[in-house]
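Peer 1: Structure provided below as structure tokens; questions to follow.
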Amino acid sequence: MVRIAVTGNVASGKSRVAQHLQARGVPVCDADLIAHDVMAPGGAAYEGVVAAFGRDILTPDGCIDRRELSDIVFADDLLMQRLNRLVHPVVRKAIDCWLDAQAAQGKPLIAVIVPLLFEAHMEKGWDAVVCVGCSPDVRRLRLKARGFDDDECERRVAVQMGQDEKIARSDYLIWNDESEAALEQRIDDVLKSIEEREQ
């Protein structure tokens with residue numbers, strides 16, 4: 001089974017890449033979705049996160065307000081590190097279980113979307129690491145479309161490893177500044193290259 005890790009900074013278009021991979025029949029696991037699940041009430045990281053950050057981060061129905069929590073941790077690197085220490089090991093365990101299940105089913109090629117692949121030291125054990133990148137102006141426009149102001153955009157970019165370093169540490173780059181058709185072509189080119197390398 002060929003294991004592909006897809007990484008990239010905020011608003012680079014990793015979700016779009018995931019959708020296109022799934023459309024091509026590639027099973028995809030998204031670390032962000034796992035993080036949502038493990039921080040939901042009853043999830044493996046829920047109690048630890050609430051204990052660390054207080055009940056003020058909870059909505060009236062007891063769920064963690066992810067926007068509230070994000071505002072807290074993106075403003076303080078030490079708090080971001082604390083959250084990551086609580087969540088990353090649980091997410092990694094869930095990813096490993098998913099990978100084992102795909103291998104047991106005989107899947108020839110799979111992909112896992114891991115935005116903080118390098119920051120979380122999860123870069124080992126993959127057959128290929130693909131970075132999704134975009135220009136700063138496009139990233140800013142995408143973040144503003146999500147409702148973030150200029151200061152919030154800067155904070156979210158600043159806490160992540162620089163894009164150039166992520167690209168340098170990856171095996172492949174998918175540049176995502178243009179049309180959906182251009183993105184699809186780049187995905188096809190990368191998949192073809194990975195498959196040829198693994199033959």
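Residue names in the structure tokens use chain letters A, B, ... in the order shown, residue numbers from 1 in each chain, and ligand numbers from 1 in the order shown.
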List every residue of region 50-191 of chain A that DSSP, applied to the backbone, labels as strand (DSSP E), and write the result as a PDB file with C-alpha atoms, in the first residue's frame.

Peer 2:
ATOM      1  CA  LEU A 109      -2.934   3.775  -2.482  1.00  0.00           C
ATOM      2  CA  ILE A 110      -4.238   6.002   0.316  1.00  0.00           C
ATOM      3  CA  ALA A 111      -3.807   9.603   1.425  1.00  0.00           C
ATOM      4  CA  VAL A 112      -3.874  11.297   4.816  1.00  0.00           C
ATOM      5  CA  ILE A 113      -4.315  15.070   5.109  1.00  0.00           C
ATOM      6  CA  ALA A 128       5.434  10.264  -0.419  1.00  0.00           C
ATOM      7  CA  VAL A 129       4.857  13.653   1.197  1.00  0.00           C
ATOM      8  CA  VAL A 130       2.915  16.174  -0.878  1.00  0.00           C
ATOM      9  CA  CYS A 131       2.745  19.849   0.025  1.00  0.00           C
ATOM     10  CA  VAL A 132      -0.154  22.007  -1.175  1.00  0.00           C
ATOM     11  CA  GLY A 133       0.955  25.614  -1.615  1.00  0.00           C
ATOM     12  CA  TYR A 172       6.029  16.844  -4.287  1.00  0.00           C
ATOM     13  CA  LEU A 173       4.331  20.216  -4.591  1.00  0.00           C
ATOM     14  CA  ILE A 174       0.770  20.926  -5.729  1.00  0.00           C
ATOM     15  CA  TRP A 175       0.472  24.663  -6.385  1.00  0.00           C
TER      16      TRP A 175
END

Peer 1: Would you list, as a ChimeraX atom specification, the residues of region 21-169 of chain A that end up in helix (DSSP H, G or I) under DSSP run on this structure's backbone?

Peer 2: /A:21-23,31-38,46-53,55-57,66-73,77-104,136-145,150-158,163-169

Peer 1: Go through A:Asp65, A:Asp149, A:Asp37, A:Glu195 one by one, measure the shortest atom-to-atom distance of each to Pro108 (chain A) using only C-alpha atoms, and give the residue with the smallest value.

Peer 2: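 The closest residue to Pro108 (chain A) is A:Glu195.
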
Peer 1: Quick one: residues within 10 Å of Arg85 (chain A), only C-alpha atoms, excluding same-chain residues fewer than 6 positions away - as a PyMOL selection string?

Peer 2: chain A and resi 49+79+120

Peer 1: Quick one: of A:Cys63, A:Ala52, A:Ala44, A:Leu99, who's nearest to Pro27 (chain A), counting only C-alpha atoms?

Peer 2: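 Of A:Cys63, A:Ala52, A:Ala44, A:Leu99, the one nearest Pro27 (chain A), counting only C-alpha atoms, is A:Leu99.
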
Peer 1: Return the single residue from A:Leu58, A:Met1, A:Leu141, A:Val114 that is closest to Ile34 (chain A), with distances computed using only C-alpha atoms.

Peer 2: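 The closest residue to Ile34 (chain A) is A:Val114.
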
Peer 1: Which residues come within 10 Å of Ala11 (chain A), counting only C-alpha atoms, excluding same-chain residues fewer than 2 positions away, as a list in words?

Peer 2: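 Counting only C-alpha atoms, the residues come to Gly8, Asn9, Gly13, Lys14, Ser15, Val132, Gly133, Cys134, Pro136, Val138, Arg139, Arg140, Leu141, Arg142, Leu143, Arg146, Cys153, Arg156, Val157 and Asn176 of chain A.
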
Peer 1: Any chance you could export the current selection's N, CA, C and O atoms as an mmCIF file, in the first residue's frame?

Peer 2:
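Below is the file result.cif, written as the result:
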data_model
loop_
_atom_site.group_PDB
_atom_site.id
_atom_site.type_symbol
_atom_site.label_atom_id
_atom_site.label_comp_id
_atom_site.auth_asym_id
_atom_site.auth_seq_id
_atom_site.Cartn_x
_atom_site.Cartn_y
_atom_site.Cartn_z
ATOM 1 N N GLY A 8 0.400 21.189 4.195
ATOM 2 C CA GLY A 8 0.319 22.547 3.657
ATOM 3 C C GLY A 8 -0.243 23.481 4.704
ATOM 4 O O GLY A 8 -0.906 23.039 5.653
ATOM 5 N N ASN A 9 0.011 24.750 4.553
ATOM 6 C CA ASN A 9 -0.436 25.712 5.545
ATOM 7 C C ASN A 9 -1.904 26.084 5.359
ATOM 8 O O ASN A 9 -2.557 25.660 4.410
ATOM 9 N N GLY A 13 -5.625 24.976 0.371
ATOM 10 C CA GLY A 13 -6.512 24.197 -0.488
ATOM 11 C C GLY A 13 -6.416 22.698 -0.279
ATOM 12 O O GLY A 13 -6.742 21.918 -1.178
ATOM 13 N N LYS A 14 -5.999 22.282 0.902
ATOM 14 C CA LYS A 14 -5.860 20.842 1.191
ATOM 15 C C LYS A 14 -7.187 20.107 1.096
ATOM 16 O O LYS A 14 -7.237 18.964 0.615
ATOM 17 N N SER A 15 -8.269 20.754 1.513
ATOM 18 C CA SER A 15 -9.583 20.104 1.441
ATOM 19 C C SER A 15 -10.005 19.869 -0.001
ATOM 20 O O SER A 15 -10.608 18.833 -0.325
ATOM 21 N N VAL A 132 0.737 21.143 -0.403
ATOM 22 C CA VAL A 132 -0.154 22.007 -1.175
ATOM 23 C C VAL A 132 0.219 23.447 -0.827
ATOM 24 O O VAL A 132 0.260 23.823 0.345
ATOM 25 N N GLY A 133 0.522 24.243 -1.854
ATOM 26 C CA GLY A 133 0.955 25.614 -1.615
ATOM 27 C C GLY A 133 0.146 26.625 -2.390
ATOM 28 O O GLY A 133 -0.570 26.289 -3.343
ATOM 29 N N CYS A 134 0.250 27.875 -1.949
ATOM 30 C CA CYS A 134 -0.388 28.974 -2.667
ATOM 31 C C CYS A 134 0.344 30.262 -2.327
ATOM 32 O O CYS A 134 1.136 30.313 -1.383
ATOM 33 N N PRO A 136 0.861 34.161 -0.935
ATOM 34 C CA PRO A 136 0.342 34.865 0.251
ATOM 35 C C PRO A 136 -0.938 35.641 -0.028
ATOM 36 O O PRO A 136 -1.847 35.665 0.813
ATOM 37 N N VAL A 138 -3.308 35.008 -2.262
ATOM 38 C CA VAL A 138 -4.433 34.085 -2.402
ATOM 39 C C VAL A 138 -4.826 33.544 -1.025
ATOM 40 O O VAL A 138 -6.016 33.435 -0.704
ATOM 41 N N ARG A 139 -3.843 33.220 -0.206
ATOM 42 C CA ARG A 139 -4.132 32.717 1.148
ATOM 43 C C ARG A 139 -4.930 33.743 1.944
ATOM 44 O O ARG A 139 -5.916 33.421 2.606
ATOM 45 N N ARG A 140 -4.508 35.012 1.858
ATOM 46 C CA ARG A 140 -5.184 36.075 2.596
ATOM 47 C C ARG A 140 -6.633 36.227 2.123
ATOM 48 O O ARG A 140 -7.556 36.376 2.945
ATOM 49 N N LEU A 141 -6.847 36.173 0.825
ATOM 50 C CA LEU A 141 -8.206 36.280 0.298
ATOM 51 C C LEU A 141 -9.079 35.125 0.780
ATOM 52 O O LEU A 141 -10.251 35.326 1.139
ATOM 53 N N ARG A 142 -8.522 33.930 0.811
ATOM 54 C CA ARG A 142 -9.288 32.772 1.261
ATOM 55 C C ARG A 142 -9.636 32.886 2.743
ATOM 56 O O ARG A 142 -10.744 32.543 3.163
ATOM 57 N N LEU A 143 -8.680 33.349 3.552
ATOM 58 C CA LEU A 143 -8.948 33.505 4.986
ATOM 59 C C LEU A 143 -10.001 34.587 5.229
ATOM 60 O O LEU A 143 -10.873 34.425 6.086
ATOM 61 N N ARG A 146 -13.373 33.437 4.851
ATOM 62 C CA ARG A 146 -13.847 32.656 5.994
ATOM 63 C C ARG A 146 -14.256 33.551 7.172
ATOM 64 O O ARG A 146 -14.680 33.049 8.214
ATOM 65 N N CYS A 153 -5.662 36.738 10.252
ATOM 66 C CA CYS A 153 -4.956 36.080 9.142
ATOM 67 C C CYS A 153 -3.480 35.950 9.473
ATOM 68 O O CYS A 153 -2.881 34.876 9.287
ATOM 69 N N ARG A 156 -2.735 33.282 12.202
ATOM 70 C CA ARG A 156 -2.870 31.900 11.749
ATOM 71 C C ARG A 156 -1.712 31.472 10.842
ATOM 72 O O ARG A 156 -1.316 30.314 10.856
ATOM 73 N N VAL A 157 -1.176 32.396 10.103
ATOM 74 C CA VAL A 157 -0.024 32.082 9.258
ATOM 75 C C VAL A 157 1.244 31.986 10.110
ATOM 76 O O VAL A 157 2.083 31.108 9.901
ATOM 77 N N ASN A 176 -1.643 25.672 -5.807
ATOM 78 C CA ASN A 176 -3.097 25.813 -5.892
ATOM 79 C C ASN A 176 -3.499 27.286 -5.870
ATOM 80 O O ASN A 176 -4.111 27.772 -4.933
#

Peer 1: What separation in Å, quoted to one decimal, exists between CA of Arg169 (chain A) and CA of Ala31 (chain A)?

Peer 2: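 Calculated distance between CA of Arg169 (chain A) and CA of Ala31 (chain A) is 19.3 Å.
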
Peer 1: Pick from A:Asp100, A:Glu165, A:Glu47, A:Glu184: nearest to Ala18 (chain A), with only C-alpha atoms counted?

Peer 2: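 Answer, going by the shortest atom-to-atom distance: A:Glu184.
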
Peer 1: Kindly give the distance, in Å, that separates CA of Pro115 (chain A) and CA of Met161 (chain A), rounded to a single decimal.

Peer 2: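 These atoms are spaced 10.2 Å apart.
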
Peer 1: Would you mind telling me which residue in A:Val87, A:Phe53, A:Gln102, A:Ser170 lies nearest to Lys124 (chain A) when using only C-alpha atoms?

Peer 2: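 Closest candidate: A:Ser170.
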
Peer 1: Calculated over only C-alpha atoms, which of the candidates A:Asp177, A:Asp127, A:Glu198, A:Asp56 has the smallest distance to Arg16 (chain A)?

Peer 2: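 So, comparing all the options, the nearest one is A:Asp177.
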
Peer 1: Figure out the distance between CA of Cys29 (chain A) and CA of Ile95 (chain A), please, to one decimal in Å.

Peer 2: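 Answer for the CA of Ile95 (chain A) to CA of Cys29 (chain A) separation: 7.4 Å.
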